[in-house]
Amino acid sequence: MATSTVSKPPRVRTGKQGSTIFLKTLMAVTGVIFVLYVIAHMYGNLYKLFDGHAAFNEYSEHLRTIGEPMLPRHGLLTIIEVVLGISVVLHVYSAVVLWKRAKAARPQRYAVKKSIARSFSSRWMRWGGAFLLLFVIWHLLEFTNPKINVGDGGNGAAIKHDPYMLVVHSFNVWWLTLIYVLAMIALGMHLRHGIWSAAQTLGFTSTVRARTIANIVAVVVALVVAVGFVIPPLAIAFGGIK
Amino acid sequence: MNLTLKIWRQSGPDAQGELVTYPVNDVSEDMSFLEMLDVLNEDLTAKDEEPVAFDSDCREGICGMCSLMINGEAHGPEVTTTCQLHMRSFSDGETITIEPWRAQAFPLVKDLIVDRSAFDRIIQAGGYISVKTGAAVEANNLQVQKHKADRAFDTATCIGCGACVAACPNASGMLFLGAKITHLGELPQGQAERDSRVVKMINQHDAEDFGGCQNLGECSAACPKEIPLNVISQLNRDFIKAKS
């Protein structure tokens, strides 16, 4: 017998989780929301931190009163938090479903497999994304709704209501600064591949030229965001801001 | 040249497979990769051993029948099909690992042969145009812009070999899908069924257990016909349009 022919009955999609491209689109759209948010966040950090104690705290207070009296106090921030919260859930959900499908799509791995085209950043989308999720949770518990105090010099309660001192005291702790630097490298890499991938998924890169532009934009935004976020912690750690 | 081959041997779909090492001597560098395997198989047959099963047909790079993951690269180190790959691309004394395409959607039949009929079922789901047969219409009645004709032609060169799926870390068939969608979508005959086609083909793709696309570009780099990555963007765009 040479070979036996295996014929399978035609299959129909049964999963209720949505088609692969739908999930990818979900990931891309929520990703774009995150990109816009991190750019605004990075700008906010750089904008007032170097202007000193009073200016930074005033800026922090201003964020809570934007839109008053049309919006209640903390109104805009609450809206942003809700949008981001929903986005995180959808982004992670589609990532997990697609990750599972990818694993199931190749149950038997190659003994030898070379990667010839993919970027270094793209290798870390999944684990890097998981790391970023943990980092965001940590970051929220530390600064947004302070439950963890790092390096407060024993003044925990007082510092919680003084954003500037909270930030400065925290980043005087070397290992915390290190975590943040690592997280920003992870963020930069996630954005490098993510922005390009979102452009491709949303169908903006149907020509060679558009593809080149999407890749350049991805690299530039990734670098700007990562460097922009890392400047304040490093400035504090190395004594530029006291 | 003398080579050491490590070839995946598996007697049937449900059998346990393993990499088996075979020395092959006096290989001419003008041989194609498949001719080199033919030499090995003649040897094995003479020794009363089971020859290595692998797919091939035209042996001139146009049919899409040959496959093989050679040292971790689909169709080996050159941008061509395995049948058009020559032994001069390898060096004397080299060890070459040869594996079948690995994907849930391409079940293994024997040794290096996999069943790629999942691609046929995707085409059956919508990768065609419906026309009434009868007297042929005057061809010049349908005017096609040059750049569209070129793009349709370039994507129509896809031979459905499955290298894109084999090379993709997610075993996704999106480059294949993108090539077909772009090919038919650029031409006037393809417009009537454009929306339903993309939805049906994606649904079949997912039903066949292919993975999702991460836009890594491994597929395009492995494609013997150099189908560009932007066909996947075209596919996504058509799908989003069809759904909205």
# chains A, B, ... in the order shown; residues from 1 in each chain; ligands from 1

$ interface_residues --of "chain A" --to "chain B" --cutoff "6 Å" --atoms "only C-alpha atoms" --output "PDB file with C-alpha atoms, in the first residue's frame"
ATOM      1  CA  ARG A  11     -16.610  21.232   8.570  1.00  0.00           C
ATOM      2  CA  VAL A  12     -18.618  24.221   9.649  1.00  0.00           C
ATOM      3  CA  ARG A  13     -17.478  26.771  12.176  1.00  0.00           C
ATOM      4  CA  THR A  20     -10.480  35.088  13.741  1.00  0.00           C
ATOM      5  CA  ARG A 101      -6.529  28.725  18.601  1.00  0.00           C
ATOM      6  CA  ALA A 102      -2.933  29.162  17.525  1.00  0.00           C
ATOM      7  CA  ALA A 105      -3.631  24.898  15.083  1.00  0.00           C
ATOM      8  CA  ARG A 106      -0.192  23.311  15.504  1.00  0.00           C
ATOM      9  CA  VAL A 112      13.773  22.481  13.539  1.00  0.00           C
ATOM     10  CA  LYS A 113      12.061  25.790  12.777  1.00  0.00           C
ATOM     11  CA  LYS A 114      13.698  28.992  11.638  1.00  0.00           C
ATOM     12  CA  ALA A 117      10.955  37.546   8.823  1.00  0.00           C
ATOM     13  CA  ARG A 118       9.341  38.351  12.161  1.00  0.00           C
ATOM     14  CA  SER A 197      -0.288  44.898  13.327  1.00  0.00           C
ATOM     15  CA  GLN A 200      -2.638  45.779   8.951  1.00  0.00           C
ATOM     16  CA  THR A 201      -5.664  44.264  10.717  1.00  0.00           C
ATOM     17  CA  GLY A 203      -6.950  47.169   6.465  1.00  0.00           C
ATOM     18  CA  THR A 205      -1.800  48.661   4.605  1.00  0.00           C
ATOM     19  CA  SER A 206      -2.962  47.293   1.288  1.00  0.00           C
ATOM     20  CA  THR A 207      -0.035  48.809  -0.602  1.00  0.00           C
TER      21      THR A 207
END

$ residues_around --residues "segment 1-5 of chain B" --least-positions-apart "3" --cutoff "7 Å" --atoms "only C-alpha atoms" --output "JSON, numbers by chain"
{"B": [21, 22, 23, 24, 25, 26, 27, 28, 92, 93, 94, 95, 96, 97]}

$ atom_distance --atom1 "atom CA of Ala95 of chain A" --atom2 "atom CA of Ile123 of chain B"
27.8 Å

$ closest_atom_pairs --of "segment 59-148 of chain A" --to "segment 183-193 of chain A" --cutoff "10 Å" --atoms "only C-alpha atoms" --output "CSV"
residue,atom,partner,partner_atom,distance
A:Arg118,CA,A:His193,CA,9.6
A:Ser119,CA,A:His193,CA,7.7
A:Phe120,CA,A:Met189,CA,8.3
A:Ser121,CA,A:Met189,CA,4.8
A:Ser122,CA,A:His193,CA,5.5
A:Arg123,CA,A:His193,CA,9.2
A:Trp124,CA,A:His190,CA,7.3
A:Met125,CA,A:His190,CA,5.8
A:Arg126,CA,A:His190,CA,8.9
A:Trp127,CA,A:Ala186,CA,9.6
A:Gly128,CA,A:Ala186,CA,5.9
A:Gly129,CA,A:His190,CA,7.0
A:Phe131,CA,A:Ala183,CA,7.7
A:Leu132,CA,A:Ala183,CA,6.5
A:Leu133,CA,A:Ala183,CA,10.0
A:Leu134,CA,A:Ala183,CA,9.8
A:Phe135,CA,A:Ala183,CA,6.9
A:Val136,CA,A:Ala183,CA,9.2

$ residues_around --residues "Thr157 of chain B" --least-positions-apart "2" --cutoff "12 Å" --atoms "only C-alpha atoms" --output "NGL selection string"
:B and (61-64 or 150-155 or 159-161 or 176 or 179-180 or 182-183 or 223-228)

$ write_last_selection --atoms "N, CA and C atoms" --output "short mmCIF file (atom, residue, chain, number, x, y, z; two decimals), in the first residue's frame"
data_model
loop_
_atom_site.label_atom_id
_atom_site.label_comp_id
_atom_site.auth_asym_id
_atom_site.auth_seq_id
_atom_site.Cartn_x
_atom_site.Cartn_y
_atom_site.Cartn_z
N GLY B 61 7.88 23.77 -10.55
CA GLY B 61 7.58 24.94 -9.72
C GLY B 61 6.26 25.62 -9.97
N ILE B 62 5.32 24.95 -10.65
CA ILE B 62 4.07 25.64 -10.94
C ILE B 62 2.82 24.95 -10.41
N CYS B 63 2.95 23.74 -9.86
CA CYS B 63 1.71 23.05 -9.50
C CYS B 63 1.32 23.15 -8.03
N GLY B 64 2.30 23.36 -7.16
CA GLY B 64 2.00 23.49 -5.74
C GLY B 64 1.88 22.17 -5.01
N ASP B 150 -2.61 43.83 -12.98
CA ASP B 150 -1.30 43.37 -12.50
C ASP B 150 -1.41 42.73 -11.13
N ARG B 151 -2.17 43.42 -10.24
CA ARG B 151 -2.27 42.91 -8.87
C ARG B 151 -3.02 41.58 -8.86
N ALA B 152 -4.10 41.52 -9.66
CA ALA B 152 -4.85 40.26 -9.74
C ALA B 152 -3.95 39.14 -10.24
N PHE B 153 -3.14 39.47 -11.23
CA PHE B 153 -2.26 38.45 -11.80
C PHE B 153 -1.21 38.00 -10.79
N ASP B 154 -0.60 38.99 -10.12
CA ASP B 154 0.44 38.65 -9.14
C ASP B 154 -0.10 37.74 -8.04
N THR B 155 -1.32 38.03 -7.57
CA THR B 155 -1.86 37.21 -6.49
C THR B 155 -2.38 35.87 -7.02
N ILE B 159 0.00 29.09 -5.70
CA ILE B 159 -0.21 27.72 -6.18
C ILE B 159 -0.81 26.84 -5.09
N GLY B 160 -1.15 27.46 -3.95
CA GLY B 160 -1.80 26.70 -2.88
C GLY B 160 -0.96 25.59 -2.30
N CYS B 161 0.36 25.82 -2.18
CA CYS B 161 1.24 24.76 -1.70
C CYS B 161 1.16 24.60 -0.19
N PHE B 176 -2.76 32.70 2.06
CA PHE B 176 -3.49 31.98 1.02
C PHE B 176 -4.85 32.65 0.77
N ALA B 179 -4.47 36.06 -0.83
CA ALA B 179 -4.13 35.98 -2.25
C ALA B 179 -5.39 35.74 -3.08
N LYS B 180 -6.23 34.82 -2.62
CA LYS B 180 -7.44 34.49 -3.38
C LYS B 180 -8.44 35.67 -3.37
N THR B 182 -7.80 38.87 -2.95
CA THR B 182 -7.28 39.98 -3.73
C THR B 182 -7.38 39.69 -5.22
N HIS B 183 -7.02 38.47 -5.58
CA HIS B 183 -7.07 38.04 -6.97
C HIS B 183 -8.47 38.28 -7.55
N CYS B 223 6.86 32.18 1.05
CA CYS B 223 6.06 31.93 -0.16
C CYS B 223 6.93 31.82 -1.41
N PRO B 224 6.86 30.69 -2.11
CA PRO B 224 7.68 30.53 -3.32
C PRO B 224 7.25 31.49 -4.43
N LYS B 225 6.04 32.00 -4.34
CA LYS B 225 5.53 32.92 -5.36
C LYS B 225 5.58 34.37 -4.90
N GLU B 226 6.20 34.61 -3.74
CA GLU B 226 6.39 35.96 -3.21
C GLU B 226 5.10 36.78 -3.12
N ILE B 227 4.04 36.14 -2.67
CA ILE B 227 2.79 36.86 -2.41
C ILE B 227 3.07 37.86 -1.28
N PRO B 228 2.79 39.15 -1.49
CA PRO B 228 3.15 40.14 -0.47
C PRO B 228 2.16 40.16 0.70
#

$ closest_residue --among "B:Cys66, B:Ala15, B:Ala136, B:Val52" --to "Val39 of chain B" --atoms "only C-alpha atoms"
B:Val52

$ decode --residues "segment 171-240 of chain A" --atoms "C-alpha atoms" --output "mmCIF file, in the first residue's frame"
data_model
loop_
_atom_site.group_PDB
_atom_site.id
_atom_site.type_symbol
_atom_site.label_atom_id
_atom_site.label_comp_id
_atom_site.auth_asym_id
_atom_site.auth_seq_id
_atom_site.Cartn_x
_atom_site.Cartn_y
_atom_site.Cartn_z
ATOM 1 C CA PHE A 171 11.231 56.227 42.385
ATOM 2 C CA ASN A 172 13.968 56.797 44.933
ATOM 3 C CA VAL A 173 13.692 53.033 45.435
ATOM 4 C CA TRP A 174 16.066 51.483 42.908
ATOM 5 C CA TRP A 175 14.206 48.216 42.286
ATOM 6 C CA LEU A 176 10.948 50.011 41.653
ATOM 7 C CA THR A 177 12.619 52.196 39.050
ATOM 8 C CA LEU A 178 14.071 49.040 37.510
ATOM 9 C CA ILE A 179 10.612 47.445 37.272
ATOM 10 C CA TYR A 180 9.318 50.549 35.547
ATOM 11 C CA VAL A 181 12.197 50.671 33.099
ATOM 12 C CA LEU A 182 11.650 46.991 32.218
ATOM 13 C CA ALA A 183 7.919 47.578 31.834
ATOM 14 C CA MET A 184 8.539 50.494 29.480
ATOM 15 C CA ILE A 185 10.867 48.368 27.343
ATOM 16 C CA ALA A 186 8.077 45.799 27.227
ATOM 17 C CA LEU A 187 5.574 48.535 26.343
ATOM 18 C CA GLY A 188 7.821 49.869 23.573
ATOM 19 C CA MET A 189 8.154 46.396 22.076
ATOM 20 C CA HIS A 190 4.422 45.736 22.392
ATOM 21 C CA LEU A 191 3.706 48.998 20.586
ATOM 22 C CA ARG A 192 6.332 48.361 17.901
ATOM 23 C CA HIS A 193 4.543 45.263 16.707
ATOM 24 C CA GLY A 194 1.072 46.197 17.929
ATOM 25 C CA ILE A 195 0.731 49.465 16.023
ATOM 26 C CA TRP A 196 1.923 47.908 12.778
ATOM 27 C CA SER A 197 -0.288 44.898 13.327
ATOM 28 C CA ALA A 198 -3.349 47.036 14.111
ATOM 29 C CA ALA A 199 -2.822 49.027 10.897
ATOM 30 C CA GLN A 200 -2.638 45.779 8.951
ATOM 31 C CA THR A 201 -5.664 44.264 10.717
ATOM 32 C CA LEU A 202 -7.792 47.353 10.157
ATOM 33 C CA GLY A 203 -6.950 47.169 6.465
ATOM 34 C CA PHE A 204 -4.852 50.339 6.111
ATOM 35 C CA THR A 205 -1.800 48.661 4.605
ATOM 36 C CA SER A 206 -2.962 47.293 1.288
ATOM 37 C CA THR A 207 -0.035 48.809 -0.602
ATOM 38 C CA VAL A 208 3.721 48.438 -0.165
ATOM 39 C CA ARG A 209 4.033 52.160 0.596
ATOM 40 C CA ALA A 210 1.339 52.084 3.282
ATOM 41 C CA ARG A 211 3.063 49.085 4.831
ATOM 42 C CA THR A 212 6.375 50.938 5.050
ATOM 43 C CA ILE A 213 4.670 53.983 6.590
ATOM 44 C CA ALA A 214 2.842 51.824 9.162
ATOM 45 C CA ASN A 215 6.132 50.235 10.189
ATOM 46 C CA ILE A 216 7.882 53.598 10.528
ATOM 47 C CA VAL A 217 4.994 55.055 12.575
ATOM 48 C CA ALA A 218 5.061 51.978 14.812
ATOM 49 C CA VAL A 219 8.789 52.320 15.527
ATOM 50 C CA VAL A 220 8.602 56.085 16.123
ATOM 51 C CA VAL A 221 5.567 55.955 18.446
ATOM 52 C CA ALA A 222 7.050 52.994 20.347
ATOM 53 C CA LEU A 223 10.333 54.854 20.906
ATOM 54 C CA VAL A 224 8.699 58.168 21.831
ATOM 55 C CA VAL A 225 6.326 56.555 24.333
ATOM 56 C CA ALA A 226 8.930 54.296 25.951
ATOM 57 C CA VAL A 227 11.549 57.056 26.256
ATOM 58 C CA GLY A 228 8.980 59.655 27.323
ATOM 59 C CA PHE A 229 7.717 57.438 30.125
ATOM 60 C CA VAL A 230 11.162 56.457 31.340
ATOM 61 C CA ILE A 231 12.497 60.020 31.675
ATOM 62 C CA PRO A 232 10.652 61.001 34.910
ATOM 63 C CA PRO A 233 11.506 57.847 36.936
ATOM 64 C CA LEU A 234 15.148 58.029 35.830
ATOM 65 C CA ALA A 235 15.307 61.758 36.568
ATOM 66 C CA ILE A 236 14.044 61.046 40.096
ATOM 67 C CA ALA A 237 16.276 58.018 40.610
ATOM 68 C CA PHE A 238 19.377 59.935 39.562
ATOM 69 C CA GLY A 239 18.503 63.034 41.570
ATOM 70 C CA GLY A 240 17.277 65.327 38.807
#
